[in-house]
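Some notes on the structure that comes next.
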Amino acid sequence: MSDDFLALAQPGVQQLSPYVPGKPVDELARELDLDPASIVKLASNENPLGASPKALTAIQNALAELTRYPDGNGFALKTLLAEQCRVELNQVTLGNGSNDILELVARAYLAPGLNAVFSEHAFAVYPIVTQAVGAQAKVIPAKDWGHDLSGMLAAIDADTRVVFIANPNNPTGTWFDAEALDEFLQDVPAHVLVVLDEAYIEYAEGSDLPDGLDYLAAYPNLLVSRTFSKAYGLAALRVGYGLSTAVVADVLNRVRQPFNVNSLALAAACAALQDVDYLAQSRRLNESGMLQLEAGFRELGLSWIPSKGNFICVDLGRVAAPVFQGLLREGVIVRPVANYGMPNHLRVTIGLPAENSRFLEALTKVLARG
Ligand SMILES: *Cc1c(COP(=O)(O)O)cnc(C)c1O
């Protein structure tokens, strides 16, 4: 028997590449000997406002109980979510970030011999959770950078157990409307769990994006996943949730780590959920920042993929890696997306107005160098 512990890993794991996160500010500061405060990071779709002050206060108040295990059932947060999302408490699953929900789905429903269907240019966590459990990832070519829902339907077979769709999608920002979702859900076989990843849905309110919650009652094979990492500004705490039938939630609860969401995250999420002013401010800031970046790109003669998220992919019309490096030297961190099959694009998170300006100035400078 070989002692090569890479070769001994199950085949799906051997074929994975580790997730590449946005470059941390402190890392770039060390590398270039820069003041961390001078660096602009628009690389991980984080909320530029900082966390809600109400969430910070809730964390302060929860510190006294750090010696205790958290409430493993997350009763307080589930109660608030059930109320806001118009579901029963037993339909809510809490996760250590919504990535945790995606992983729980894979561990509960996928296995060698089974497959998950998702799109090209989709979120990098889908292949990770799928292949980690030895299941096959069926990647369907994108259409105009977005999900080809009919192509995805056609790819579903008897061994398919999960379809991952994100609306809007990350990193492309593309979206589909209610009619497309309706049609898709009607046609997906009943044995396939549809994971509708709505990590950015709070930014899309009032637009033509469907609200996944409206479909839960009609489709027992639907799970909607959401997060506190983006519009709610709590990425560091790792808290997200899934909404599904009580049966699916019960299954996920069986494979969940008993204390997967920590007590500070639970407390902060409860407070953030009730801070409607913060959410409204996040949305407004995102809308104006999106317009600011689009105007900047237009001025530079660059095209972009229209986005409903808090980020936008700009097309540089050439390989983006050197531009990414040039921006780093200007103290601006954005996200290369070559690993998503998009070598000519950079993904830029909408920042504060001054951060967006810094980025556009740096981009202008870097592009002028040729
Ligand atoms: C950011 C993101 C998530 C959420 O990640 P968390 O684990 O909740 O921080 C999920 N799906 C997509 C598409 C994302 O972009």
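Simple scheme: letters A, B, ... for chains in structure tokens order, numbers from 1 for residues in each chain, numbers from 1 for ligands in the order shown.
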
**Item:** Given 7 Å and only C-alpha atoms and all ligand atoms, residues near ligand 1 as number ranges by chain
**Value:** A: 45, 96-100, 123, 166, 169-171, 197-199, 226-230, 235, 238-240

Just write the chosen residues, N, CA, C and O atoms, as a compact mmCIF listing (two decimals), in the first residue's frame.
# COMPACT_ATOMS: atom_id res chain seq x y z
N ASN A 45 -16.44 41.14 -1.20
CA ASN A 45 -17.87 41.45 -1.11
C ASN A 45 -18.32 41.72 0.33
O ASN A 45 -19.44 41.39 0.71
N ASN A 96 -22.58 27.93 10.12
CA ASN A 96 -21.36 28.69 10.35
C ASN A 96 -21.01 29.38 9.03
O ASN A 96 -20.15 28.93 8.26
N GLY A 97 -21.72 30.46 8.75
CA GLY A 97 -21.74 31.03 7.40
C GLY A 97 -22.70 30.19 6.57
O GLY A 97 -23.03 29.05 6.95
N SER A 98 -23.17 30.74 5.45
CA SER A 98 -24.06 29.91 4.63
C SER A 98 -23.27 28.82 3.92
O SER A 98 -23.84 27.83 3.47
N ASN A 99 -21.95 28.97 3.85
CA ASN A 99 -21.13 27.87 3.31
C ASN A 99 -21.37 26.59 4.08
O ASN A 99 -21.33 25.49 3.52
N ASP A 100 -21.59 26.73 5.38
CA ASP A 100 -21.85 25.57 6.22
C ASP A 100 -23.15 24.87 5.78
O ASP A 100 -23.23 23.64 5.73
N PHE A 123 -20.27 29.83 -7.80
CA PHE A 123 -19.53 30.00 -6.55
C PHE A 123 -18.59 28.81 -6.30
O PHE A 123 -18.98 27.65 -6.45
N ALA A 166 -27.36 30.20 -7.81
CA ALA A 166 -27.21 31.42 -7.01
C ALA A 166 -27.88 32.57 -7.74
O ALA A 166 -27.70 32.75 -8.94
N ASN A 169 -25.76 35.61 -9.01
CA ASN A 169 -24.60 34.72 -8.93
C ASN A 169 -23.34 35.50 -8.55
O ASN A 169 -23.18 36.66 -8.90
N ASN A 170 -22.48 34.83 -7.84
CA ASN A 170 -21.14 35.34 -7.56
C ASN A 170 -20.15 34.39 -8.26
O ASN A 170 -20.26 33.20 -8.06
N PRO A 171 -19.20 34.87 -9.04
CA PRO A 171 -18.71 36.23 -9.17
C PRO A 171 -19.33 37.06 -10.30
O PRO A 171 -18.96 38.22 -10.45
N ASP A 197 -29.20 29.80 -3.65
CA ASP A 197 -28.25 30.56 -2.83
C ASP A 197 -28.53 32.05 -3.01
O ASP A 197 -28.27 32.63 -4.06
N GLU A 198 -29.09 32.66 -1.96
CA GLU A 198 -29.46 34.08 -2.03
C GLU A 198 -28.56 34.92 -1.12
O GLU A 198 -29.05 35.74 -0.33
N ALA A 199 -27.25 34.75 -1.27
CA ALA A 199 -26.30 35.46 -0.40
C ALA A 199 -26.40 36.98 -0.55
O ALA A 199 -26.02 37.71 0.37
N ARG A 226 -29.20 31.84 2.91
CA ARG A 226 -28.91 33.28 3.05
C ARG A 226 -27.81 33.47 4.08
O ARG A 226 -27.46 32.54 4.80
N THR A 227 -27.30 34.69 4.16
CA THR A 227 -26.13 34.90 5.01
C THR A 227 -26.16 36.26 5.71
O THR A 227 -26.82 37.19 5.23
N PHE A 228 -25.44 36.35 6.81
CA PHE A 228 -25.21 37.63 7.48
C PHE A 228 -23.87 38.24 7.07
O PHE A 228 -23.47 39.27 7.61
N SER A 229 -23.17 37.60 6.11
CA SER A 229 -21.82 38.04 5.75
C SER A 229 -21.80 39.25 4.82
O SER A 229 -20.80 39.95 4.74
N LYS A 230 -22.87 39.51 4.10
CA LYS A 230 -22.82 40.51 3.05
C LYS A 230 -23.58 41.76 3.49
O LYS A 230 -23.02 42.60 4.16
N ALA A 235 -19.33 39.35 8.19
CA ALA A 235 -18.58 38.25 7.54
C ALA A 235 -17.65 37.52 8.50
O ALA A 235 -17.51 36.29 8.43
N ARG A 238 -19.17 34.50 10.79
CA ARG A 238 -19.60 33.26 10.19
C ARG A 238 -21.00 32.85 10.64
O ARG A 238 -21.17 32.01 11.53
N VAL A 239 -22.00 33.44 10.07
CA VAL A 239 -23.36 32.99 10.36
C VAL A 239 -24.25 33.17 9.13
O VAL A 239 -24.24 34.19 8.47
N GLY A 240 -24.95 32.08 8.82
CA GLY A 240 -25.89 32.08 7.70
C GLY A 240 -27.02 31.13 8.04
O GLY A 240 -27.05 30.55 9.13

Sorted by chain and rising residue number, which residues of region 333-360 of chain A lie within 12 Å of region 317-325 of chain A, and what are their closest atom pairs and distances in Å to one decimal, counting only C-alpha atoms, as CSV?
residue,atom,partner,partner_atom,distance
A:Ile333,CA,A:Phe324,CA,7.7
A:Val334,CA,A:Phe324,CA,7.0
A:Arg335,CA,A:Phe324,CA,7.6
A:Pro336,CA,A:Phe324,CA,6.7
A:Val337,CA,A:Ala320,CA,8.7
A:Ala338,CA,A:Ala321,CA,8.1
A:Asn339,CA,A:Ala321,CA,11.1
A:Gly341,CA,A:Val319,CA,11.7
A:Met342,CA,A:Ala320,CA,9.0
A:Pro343,CA,A:Val319,CA,5.7
A:Asn344,CA,A:Val319,CA,4.6
A:His345,CA,A:Ala320,CA,5.9
A:Leu346,CA,A:Ala320,CA,6.5
A:Arg347,CA,A:Phe324,CA,10.0
A:Val348,CA,A:Phe324,CA,10.7
A:Phe359,CA,A:Phe324,CA,11.2

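Look at Arg298 (chain A): the protein and nucleic acid residues within 12 Å of it, using only C-alpha atoms and passing over chain neighbours fewer than 5 places away, are A:Leu291, A:Gln292, A:Leu293, A:Ser303, A:Trp304, A:Val314, A:Asp315, A:Leu316, A:Leu360, A:Thr364.
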
**Request:** Just give me the gap between CA of Thr349 (chain A) and CA of Leu42 (chain A) in Å, one decimal is fine.
**Result:**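 These two atoms are separated by 4.6 Å.
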
**Request:** Enumerate the residues of region 97-229 of chain A with a DSSP assignment of alpha helix (DSSP H), computed from the backbone, and present them as JSON, numbers by chain.
**Result:** {"A": [98, 99, 100, 101, 102, 103, 104, 105, 106, 107, 108, 109, 125, 126, 127, 128, 129, 130, 131, 132, 149, 150, 151, 152, 153, 154, 155, 178, 179, 180, 181, 182, 183, 184, 185, 186, 187]}

**Message:** I'd like the contact shell of Ile39 (chain A) - 7 Å cut-off, only C-alpha atoms, skipping same-chain residues fewer than 6 positions apart - returned as a list in words.
**Reply:** Val25, Gly331 and Val332 of chain A

Now that the selection is made, can you save its residues with C-alpha atoms as an mmCIF file, in the first residue's frame?
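As a result, out19.cif now contains:
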data_model
loop_
_atom_site.group_PDB
_atom_site.id
_atom_site.type_symbol
_atom_site.label_atom_id
_atom_site.label_comp_id
_atom_site.auth_asym_id
_atom_site.auth_seq_id
_atom_site.Cartn_x
_atom_site.Cartn_y
_atom_site.Cartn_z
ATOM 1 C CA VAL A 25 -5.070 43.812 3.998
ATOM 2 C CA GLY A 331 -2.574 49.643 -2.438
ATOM 3 C CA VAL A 332 -5.861 48.471 -3.933
#

**Message:** Using only C-alpha atoms for the distances, tell me which of A:Phe176, A:Tyr241, A:Tyr19, A:Tyr232 is nearest to Ala124 (chain A).
**Reply:** A:Tyr19

**Backbone-only DSSP, strand (DSSP E or B) members of region 188-353 of chain A, as an MDAnalysis selection string** = chainID A and resid 193:197 222:227 240:243 303:305 311:315 332:333 335:336 345:349

**Message:** Report, in Å with one decimal, the straight-line distance from CA of Tyr203 (chain A) to CA of Leu94 (chain A).
**Reply:** 21.1 Å

**Request:** With a distance cut-off of 12 Å and only C-alpha atoms, select the neighbouring residues of Asp35 (chain A), excluding the residue or stretch itself and same-chain residues fewer than 5 positions from it, and output the selection as a ChimeraX atom specification.
**Result:** /A:25-30,40,331

Just the selected residues (N, CA and C atoms), exported as a CSV table (one decimal), in the first residue's frame, please.
chain,number,residue,atom,x,y,z
A,25,VAL,N,-5.7,42.5,3.9
A,25,VAL,CA,-5.1,43.8,4.0
A,25,VAL,C,-3.7,43.7,4.7
A,26,ASP,N,-3.6,43.0,5.8
A,26,ASP,CA,-2.4,42.9,6.5
A,26,ASP,C,-1.3,42.2,5.7
A,27,GLU,N,-1.7,41.3,4.9
A,27,GLU,CA,-0.7,40.6,4.1
A,27,GLU,C,0.0,41.5,3.1
A,28,LEU,N,-0.9,42.3,2.4
A,28,LEU,CA,-0.4,43.3,1.4
A,28,LEU,C,0.5,44.3,2.1
A,29,ALA,N,0.0,44.8,3.3
A,29,ALA,CA,0.8,45.8,4.0
A,29,ALA,C,2.2,45.3,4.4
A,30,ARG,N,2.3,44.0,4.8
A,30,ARG,CA,3.6,43.4,5.1
A,30,ARG,C,4.4,43.3,3.8
A,40,VAL,N,-7.0,49.9,0.3
A,40,VAL,CA,-8.4,49.7,0.0
A,40,VAL,C,-8.6,48.3,-0.4
A,331,GLY,N,-1.9,49.8,-3.7
A,331,GLY,CA,-2.6,49.6,-2.4
A,331,GLY,C,-4.1,49.3,-2.6

**Item:** Exercise: Arg107 (chain A) partners within 12 Å, only C-alpha atoms, chain neighbours under 3 positions left out, as a list of chain:residue names
**Value:**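 That gives A:Asp100, A:Ile101, A:Leu102, A:Glu103, A:Leu104, A:Leu110, A:Ala111, A:Pro112, A:Leu114, A:Ala116, A:Ile128, A:Val129, A:Thr130, A:Gln131, A:Ala132, A:Val133, A:Gly134, A:Ala135, A:Arg161, A:Val162, A:Val251, A:Leu252, A:Asn253, A:Arg254, A:Val255, A:Arg256, A:Gln257.
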
Write to file, as a short mmCIF file (atom, residue, chain, number, x, y, z; two decimals), in the first residue's frame, the residues of the selection just made, with N, CA, C and O atoms.
data_model
loop_
_atom_site.label_atom_id
_atom_site.label_comp_id
_atom_site.auth_asym_id
_atom_site.auth_seq_id
_atom_site.Cartn_x
_atom_site.Cartn_y
_atom_site.Cartn_z
N ASP A 100 -21.59 26.73 5.38
CA ASP A 100 -21.85 25.57 6.22
C ASP A 100 -23.15 24.87 5.78
O ASP A 100 -23.23 23.64 5.73
N ILE A 101 -24.15 25.67 5.43
CA ILE A 101 -25.42 25.10 4.96
C ILE A 101 -25.18 24.30 3.67
O ILE A 101 -25.68 23.18 3.51
N LEU A 102 -24.37 24.87 2.76
CA LEU A 102 -24.07 24.18 1.50
C LEU A 102 -23.39 22.84 1.80
O LEU A 102 -23.67 21.82 1.17
N GLU A 103 -22.49 22.86 2.78
CA GLU A 103 -21.77 21.64 3.12
C GLU A 103 -22.69 20.61 3.79
O GLU A 103 -22.59 19.42 3.52
N LEU A 104 -23.59 21.09 4.64
CA LEU A 104 -24.54 20.16 5.28
C LEU A 104 -25.39 19.47 4.22
O LEU A 104 -25.65 18.26 4.30
N LEU A 110 -25.37 13.95 -0.82
CA LEU A 110 -24.49 13.52 -1.91
C LEU A 110 -23.55 12.42 -1.41
O LEU A 110 -23.29 12.32 -0.21
N ALA A 111 -23.06 11.62 -2.34
CA ALA A 111 -22.16 10.51 -2.02
C ALA A 111 -21.58 10.00 -3.34
O ALA A 111 -22.05 10.40 -4.41
N PRO A 112 -20.55 9.17 -3.29
CA PRO A 112 -20.03 8.59 -4.54
C PRO A 112 -21.16 7.92 -5.33
O PRO A 112 -22.03 7.28 -4.75
N LEU A 114 -23.40 9.63 -6.90
CA LEU A 114 -24.43 10.66 -7.07
C LEU A 114 -23.78 11.93 -7.59
O LEU A 114 -22.55 12.05 -7.57
N ALA A 116 -24.08 16.48 -8.31
CA ALA A 116 -24.70 17.80 -8.13
C ALA A 116 -24.49 18.58 -9.41
O ALA A 116 -23.43 18.51 -10.05
N ILE A 128 -16.33 22.37 -4.12
CA ILE A 128 -15.61 21.90 -2.92
C ILE A 128 -16.50 20.95 -2.11
O ILE A 128 -16.09 19.83 -1.78
N VAL A 129 -17.72 21.38 -1.80
CA VAL A 129 -18.57 20.53 -0.96
C VAL A 129 -19.00 19.26 -1.69
O VAL A 129 -19.18 18.21 -1.08
N THR A 130 -19.15 19.36 -3.01
CA THR A 130 -19.59 18.21 -3.79
C THR A 130 -18.50 17.15 -3.87
O THR A 130 -18.73 15.96 -3.55
N GLN A 131 -17.31 17.57 -4.27
CA GLN A 131 -16.22 16.61 -4.45
C GLN A 131 -15.69 16.10 -3.11
O GLN A 131 -15.16 15.00 -3.02
N ALA A 132 -15.82 16.89 -2.06
CA ALA A 132 -15.33 16.46 -0.75
C ALA A 132 -16.06 15.21 -0.27
O ALA A 132 -15.50 14.43 0.50
N VAL A 133 -17.29 15.01 -0.71
CA VAL A 133 -18.02 13.81 -0.29
C VAL A 133 -18.01 12.73 -1.38
O VAL A 133 -18.76 11.76 -1.32
N GLY A 134 -17.15 12.92 -2.39
CA GLY A 134 -16.97 11.89 -3.41
C GLY A 134 -18.03 11.88 -4.49
O GLY A 134 -18.09 10.97 -5.31
N ALA A 135 -18.87 12.92 -4.51
CA ALA A 135 -19.90 12.99 -5.55
C ALA A 135 -19.33 13.69 -6.78
O ALA A 135 -18.29 14.34 -6.73
N ARG A 161 -28.85 14.61 -7.11
CA ARG A 161 -29.58 14.83 -5.85
C ARG A 161 -29.69 16.31 -5.51
O ARG A 161 -30.56 16.72 -4.75
N VAL A 162 -28.76 17.12 -6.04
CA VAL A 162 -28.73 18.53 -5.67
C VAL A 162 -28.45 19.39 -6.91
O VAL A 162 -27.64 19.00 -7.77
N VAL A 251 -33.10 16.65 8.53
CA VAL A 251 -31.98 15.88 7.97
C VAL A 251 -30.66 16.64 8.16
O VAL A 251 -29.66 16.08 8.61
N LEU A 252 -30.68 17.94 7.84
CA LEU A 252 -29.46 18.74 7.98
C LEU A 252 -29.02 18.81 9.45
O LEU A 252 -27.83 18.77 9.77
N ASN A 253 -30.00 18.87 10.32
CA ASN A 253 -29.71 18.95 11.76
C ASN A 253 -28.99 17.69 12.26
O ASN A 253 -28.24 17.73 13.22
N ARG A 254 -29.19 16.56 11.58
CA ARG A 254 -28.56 15.30 12.00
C ARG A 254 -27.06 15.29 11.71
O ARG A 254 -26.31 14.60 12.38
N VAL A 255 -26.64 16.01 10.66
CA VAL A 255 -25.21 16.00 10.31
C VAL A 255 -24.48 17.25 10.80
O VAL A 255 -23.26 17.34 10.71
N ARG A 256 -25.22 18.17 11.34
CA ARG A 256 -24.66 19.44 11.81
C ARG A 256 -23.79 19.23 13.05
O ARG A 256 -24.12 18.44 13.91
N GLN A 257 -22.69 19.97 13.14
CA GLN A 257 -21.94 19.98 14.39
C GLN A 257 -22.82 20.62 15.46
O GLN A 257 -23.48 21.63 15.18
#
